[in-house]
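Visitor: Next comes the structure file query-v7.pdb, holding PDB, C-alpha atoms, pLDDT in the B column.
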```pdb
ATOM      1  CA  MET P  25     -14.550  25.458  -8.291  1.00 63.00           C
ATOM      2  CA  LYS P  26     -17.959  27.057  -7.931  1.00 72.00           C
ATOM      3  CA  LYS P  27     -20.865  24.691  -7.210  1.00 76.00           C
ATOM      4  CA  SER P  28     -24.474  25.078  -8.292  1.00 78.00           C
ATOM      5  CA  LYS P  29     -27.391  24.893  -5.896  1.00 87.00           C
ATOM      6  CA  PHE P  30     -29.106  22.684  -8.495  1.00 90.00           C
ATOM      7  CA  LYS P  31     -28.208  19.023  -9.014  1.00 95.00           C
ATOM      8  CA  ARG P  32     -30.166  18.634 -12.256  1.00 96.00           C
ATOM      9  CA  ILE P  33     -31.685  20.918 -14.838  1.00 97.00           C
ATOM     10  CA  LEU P  34     -33.892  20.440 -17.874  1.00 97.00           C
ATOM     11  CA  LEU P  35     -32.963  22.681 -20.784  1.00 97.00           C
ATOM     12  CA  LYS P  36     -35.698  23.274 -23.390  1.00 96.00           C
ATOM     13  CA  LEU P  37     -34.376  24.454 -26.740  1.00 95.00           C
ATOM     14  CA  SER P  38     -36.347  25.501 -29.762  1.00 93.00           C
ATOM     15  CA  GLY P  39     -35.161  23.890 -32.958  1.00 92.00           C
ATOM     16  CA  GLU P  40     -35.079  27.378 -34.462  1.00 91.00           C
ATOM     17  CA  VAL P  41     -31.960  28.234 -32.427  1.00 92.00           C
ATOM     18  CA  LEU P  42     -30.008  25.663 -34.454  1.00 93.00           C
ATOM     19  CA  ARG P  43     -30.594  27.519 -37.720  1.00 91.00           C
ATOM     20  CA  ASP P  44     -27.540  29.178 -39.273  1.00 89.00           C
ATOM     21  CA  PRO P  45     -28.325  32.915 -39.146  1.00 84.00           C
ATOM     22  CA  GLY P  46     -26.050  33.707 -42.081  1.00 86.00           C
ATOM     23  CA  SER P  47     -26.980  31.067 -44.606  1.00 88.00           C
ATOM     24  CA  GLY P  48     -30.398  30.060 -43.348  1.00 81.00           C
ATOM     25  CA  ASP P  49     -29.359  26.382 -43.270  1.00 89.00           C
ATOM     26  CA  CYS P  50     -31.417  24.362 -40.832  1.00 91.00           C
ATOM     27  CA  LEU P  51     -28.355  23.288 -38.794  1.00 94.00           C
ATOM     28  CA  SER P  52     -25.381  25.418 -37.821  1.00 94.00           C
ATOM     29  CA  ASP P  53     -22.176  23.668 -36.749  1.00 94.00           C
ATOM     30  CA  ALA P  54     -21.089  26.822 -34.932  1.00 94.00           C
ATOM     31  CA  VAL P  55     -24.335  27.066 -32.955  1.00 95.00           C
ATOM     32  CA  LEU P  56     -24.190  23.364 -32.056  1.00 96.00           C
ATOM     33  CA  ALA P  57     -20.568  23.728 -30.876  1.00 97.00           C
ATOM     34  CA  GLU P  58     -21.465  26.796 -28.791  1.00 97.00           C
ATOM     35  CA  MET P  59     -24.389  24.972 -27.175  1.00 97.00           C
ATOM     36  CA  ALA P  60     -22.138  22.036 -26.367  1.00 98.00           C
ATOM     37  CA  ALA P  61     -19.564  24.385 -24.816  1.00 98.00           C
ATOM     38  CA  GLN P  62     -22.213  26.049 -22.659  1.00 97.00           C
ATOM     39  CA  ILE P  63     -23.624  22.707 -21.526  1.00 97.00           C
ATOM     40  CA  LYS P  64     -20.085  21.553 -20.731  1.00 97.00           C
ATOM     41  CA  ALA P  65     -19.565  24.639 -18.555  1.00 96.00           C
ATOM     42  CA  VAL P  66     -22.748  23.887 -16.614  1.00 96.00           C
ATOM     43  CA  ARG P  67     -21.695  20.266 -16.155  1.00 95.00           C
ATOM     44  CA  LYS P  68     -18.387  21.479 -14.689  1.00 94.00           C
ATOM     45  CA  LEU P  69     -20.492  23.000 -11.892  1.00 94.00           C
ATOM     46  CA  GLY P  70     -21.648  19.484 -11.029  1.00 94.00           C
ATOM     47  CA  VAL P  71     -25.061  19.796 -12.680  1.00 96.00           C
ATOM     48  CA  GLN P  72     -26.691  16.965 -14.627  1.00 96.00           C
ATOM     49  CA  VAL P  73     -28.277  18.366 -17.777  1.00 97.00           C
ATOM     50  CA  GLY P  74     -31.267  16.969 -19.649  1.00 97.00           C
ATOM     51  CA  VAL P  75     -32.144  18.574 -22.962  1.00 97.00           C
ATOM     52  CA  VAL P  76     -35.472  18.698 -24.777  1.00 96.00           C
ATOM     53  CA  ILE P  77     -35.212  20.097 -28.283  1.00 95.00           C
ATOM     54  CA  GLY P  78     -37.747  20.906 -30.959  1.00 92.00           C
ATOM     55  CA  GLY P  79     -37.615  20.378 -34.698  1.00 90.00           C
ATOM     56  CA  GLY P  80     -39.137  23.596 -36.034  1.00 86.00           C
ATOM     57  CA  ASN P  81     -35.973  24.552 -37.892  1.00 87.00           C
ATOM     58  CA  ILE P  82     -36.527  21.567 -40.204  1.00 86.00           C
ATOM     59  CA  PHE P  83     -40.279  20.940 -40.319  1.00 81.00           C
ATOM     60  CA  ARG P  84     -43.438  21.993 -38.504  1.00 73.00           C
ATOM     61  CA  GLY P  85     -46.394  19.634 -38.524  1.00 65.00           C
ATOM     62  CA  LEU P  86     -48.888  22.376 -39.322  1.00 65.00           C
ATOM     63  CA  LYS P  87     -46.916  23.323 -42.453  1.00 68.00           C
ATOM     64  CA  GLY P  88     -47.622  19.831 -43.719  1.00 70.00           C
ATOM     65  CA  GLN P  89     -51.329  20.558 -43.742  1.00 71.00           C
ATOM     66  CA  ASP P  90     -50.676  23.535 -45.999  1.00 75.00           C
ATOM     67  CA  ARG P  91     -48.908  21.143 -48.390  1.00 79.00           C
ATOM     68  CA  GLY P  92     -51.715  18.604 -48.387  1.00 81.00           C
ATOM     69  CA  PHE P  93     -50.312  16.189 -45.794  1.00 79.00           C
ATOM     70  CA  GLY P  94     -52.714  14.799 -43.248  1.00 81.00           C
ATOM     71  CA  ARG P  95     -52.229  16.108 -39.712  1.00 79.00           C
ATOM     72  CA  ALA P  96     -50.815  12.797 -38.437  1.00 82.00           C
ATOM     73  CA  HIS P  97     -48.243  12.601 -41.258  1.00 83.00           C
ATOM     74  CA  GLY P  98     -47.195  16.205 -40.691  1.00 81.00           C
ATOM     75  CA  ASP P  99     -46.811  15.648 -36.946  1.00 82.00           C
ATOM     76  CA  ASN P 100     -44.783  12.481 -37.549  1.00 84.00           C
ATOM     77  CA  MET P 101     -42.488  14.399 -39.902  1.00 86.00           C
ATOM     78  CA  GLY P 102     -42.048  17.039 -37.199  1.00 86.00           C
ATOM     79  CA  MET P 103     -41.092  14.338 -34.700  1.00 90.00           C
ATOM     80  CA  LEU P 104     -38.465  13.039 -37.123  1.00 92.00           C
ATOM     81  CA  ALA P 105     -37.096  16.589 -37.378  1.00 92.00           C
ATOM     82  CA  THR P 106     -36.824  16.597 -33.584  1.00 94.00           C
ATOM     83  CA  MET P 107     -34.795  13.385 -33.723  1.00 96.00           C
ATOM     84  CA  ILE P 108     -32.486  14.871 -36.372  1.00 96.00           C
ATOM     85  CA  ASN P 109     -31.804  17.849 -34.084  1.00 96.00           C
ATOM     86  CA  SER P 110     -31.305  15.566 -31.099  1.00 97.00           C
ATOM     87  CA  LEU P 111     -28.728  13.486 -32.947  1.00 97.00           C
ATOM     88  CA  ALA P 112     -26.950  16.617 -34.193  1.00 97.00           C
ATOM     89  CA  LEU P 113     -26.711  17.968 -30.632  1.00 97.00           C
ATOM     90  CA  GLN P 114     -25.575  14.573 -29.344  1.00 98.00           C
ATOM     91  CA  SER P 115     -22.754  14.572 -31.900  1.00 98.00           C
ATOM     92  CA  ALA P 116     -21.703  18.090 -30.881  1.00 98.00           C
ATOM     93  CA  LEU P 117     -21.740  17.126 -27.192  1.00 98.00           C
ATOM     94  CA  GLU P 118     -19.669  14.002 -27.827  1.00 98.00           C
ATOM     95  CA  ALA P 119     -17.189  16.026 -29.891  1.00 98.00           C
ATOM     96  CA  ALA P 120     -16.809  18.293 -26.836  1.00 97.00           C
ATOM     97  CA  GLY P 121     -16.090  15.254 -24.648  1.00 97.00           C
ATOM     98  CA  ILE P 122     -19.513  15.086 -23.034  1.00 97.00           C
ATOM     99  CA  PRO P 123     -21.254  11.702 -22.916  1.00 96.00           C
ATOM    100  CA  ALA P 124     -24.762  11.974 -24.378  1.00 97.00           C
ATOM    101  CA  LYS P 125     -27.711   9.791 -25.371  1.00 97.00           C
ATOM    102  CA  THR P 126     -30.658  10.529 -27.613  1.00 96.00           C
ATOM    103  CA  LEU P 127     -33.965   9.124 -26.400  1.00 93.00           C
ATOM    104  CA  SER P 128     -37.377   9.264 -27.978  1.00 86.00           C
TER     105      SER P 128
END
```
Once you've parsed the file, please lay out its structure as structure tokens.
Guide:
Amino acid sequence: MKKSKFKRILLKLSGEVLRDPGSGDCLSDAVLAEMAAQIKAVRKLGVQVGVVIGGGNIFRGLKGQDRGFGRAHGDNMGMLATMINSLALQSALEAAGIPAKTLS
């Protein structure tokens, strides 16, 4: 088995990558499963993986201002979108047999 020279990595993902390219839905089961498979492959190399993910596929704080939300409310909504994506990725990782935790 090939080993990595890295013990740990931090993977930064844009929330936009979770969008279903065909339907435009904000979350794609196929994309989530593919991400989980790729993370699993990296873990097989002995690498610990931390993931930071955005929420732009669901809501962007600045869009809230355009809709009349105050900046703080819009940013808070964006943070909730980030948590939704985090939980979706956690579920996909667990379905692939990878232990995962969502932290905020």
Visitor: Provide the CA of Lys125 in chain P to CA of Leu51 in chain P distance in Å, to one decimal place.
Guide: 19.0 Å
Visitor: Provide the CA of Gly88 in chain P to CA of Met59 in chain P distance in Å, to one decimal place.
Guide: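 Interatomic distance here is 29.0 Å.
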Visitor: Which neighbours of range 29-34 of chain P fall inside 10 Å, counting all atoms listed in the file, when residues of the same chain fewer than 2 positions from it are skipped, and could you give them as a ChimeraX atom specification?
Guide: /P:26-27,36-37,66-67,69-76
Visitor: Pick the closest to Val41 in chain P from P:Gln62, P:Asn81, P:Asn100, P:Gln114: which is it, counting all atoms listed in the file?
Guide: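 Nearest to Val41 in chain P: P:Asn81.
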Visitor: Could you name the residues that touch range 104-111 of chain P at 8 Å or less, counting only C-alpha atoms, but leaving out those on the same chain fewer than 5 positions away, as number ranges by chain?
Guide: P: 39, 51, 77-80, 82-83, 126, 128
Visitor: To one decimal place, how far is CA of Leu113 in chain P from CA of Gly46 in chain P in Å?
Guide: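 Pair CA of Leu113 in chain P / CA of Gly46 in chain P returns 19.5 Å.
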Visitor: May I have the residues within 9 Å of range 118-120 of chain P as a PyMOL selection string, using only C-alpha atoms and disregarding those fewer than 3 positions away in the same chain?
Guide: chain P and resi 57+60-61+64+113-115+123-124
Visitor: Could the centre and edge lengths of an axis-aligned box, enclosing all atoms of range 58-67 of chain P in the file with 8 Å extra on each side, be given in Å to one decimal as AutoDock Vina command-line options?
Guide:
```
--center_x -22.0 --center_y 23.5 --center_z -22.5 --size_x 20.8 --size_y 22.5 --size_z 28.6
```
Visitor: What would the selection look like, as a list in words, if the PyMOL selection byres ((chain P and resi 53) around 10) were run on the coordinates I just shared?
Guide: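 With the shown file as input, the PyMOL selection byres ((chain P and resi 53) around 10) matches Leu42, Arg43, Asp44, Leu51, Ser52, Ala54, Val55, Leu56, Ala57, Glu58, Met59, Ala112, Leu113 and Ala116 of chain P.
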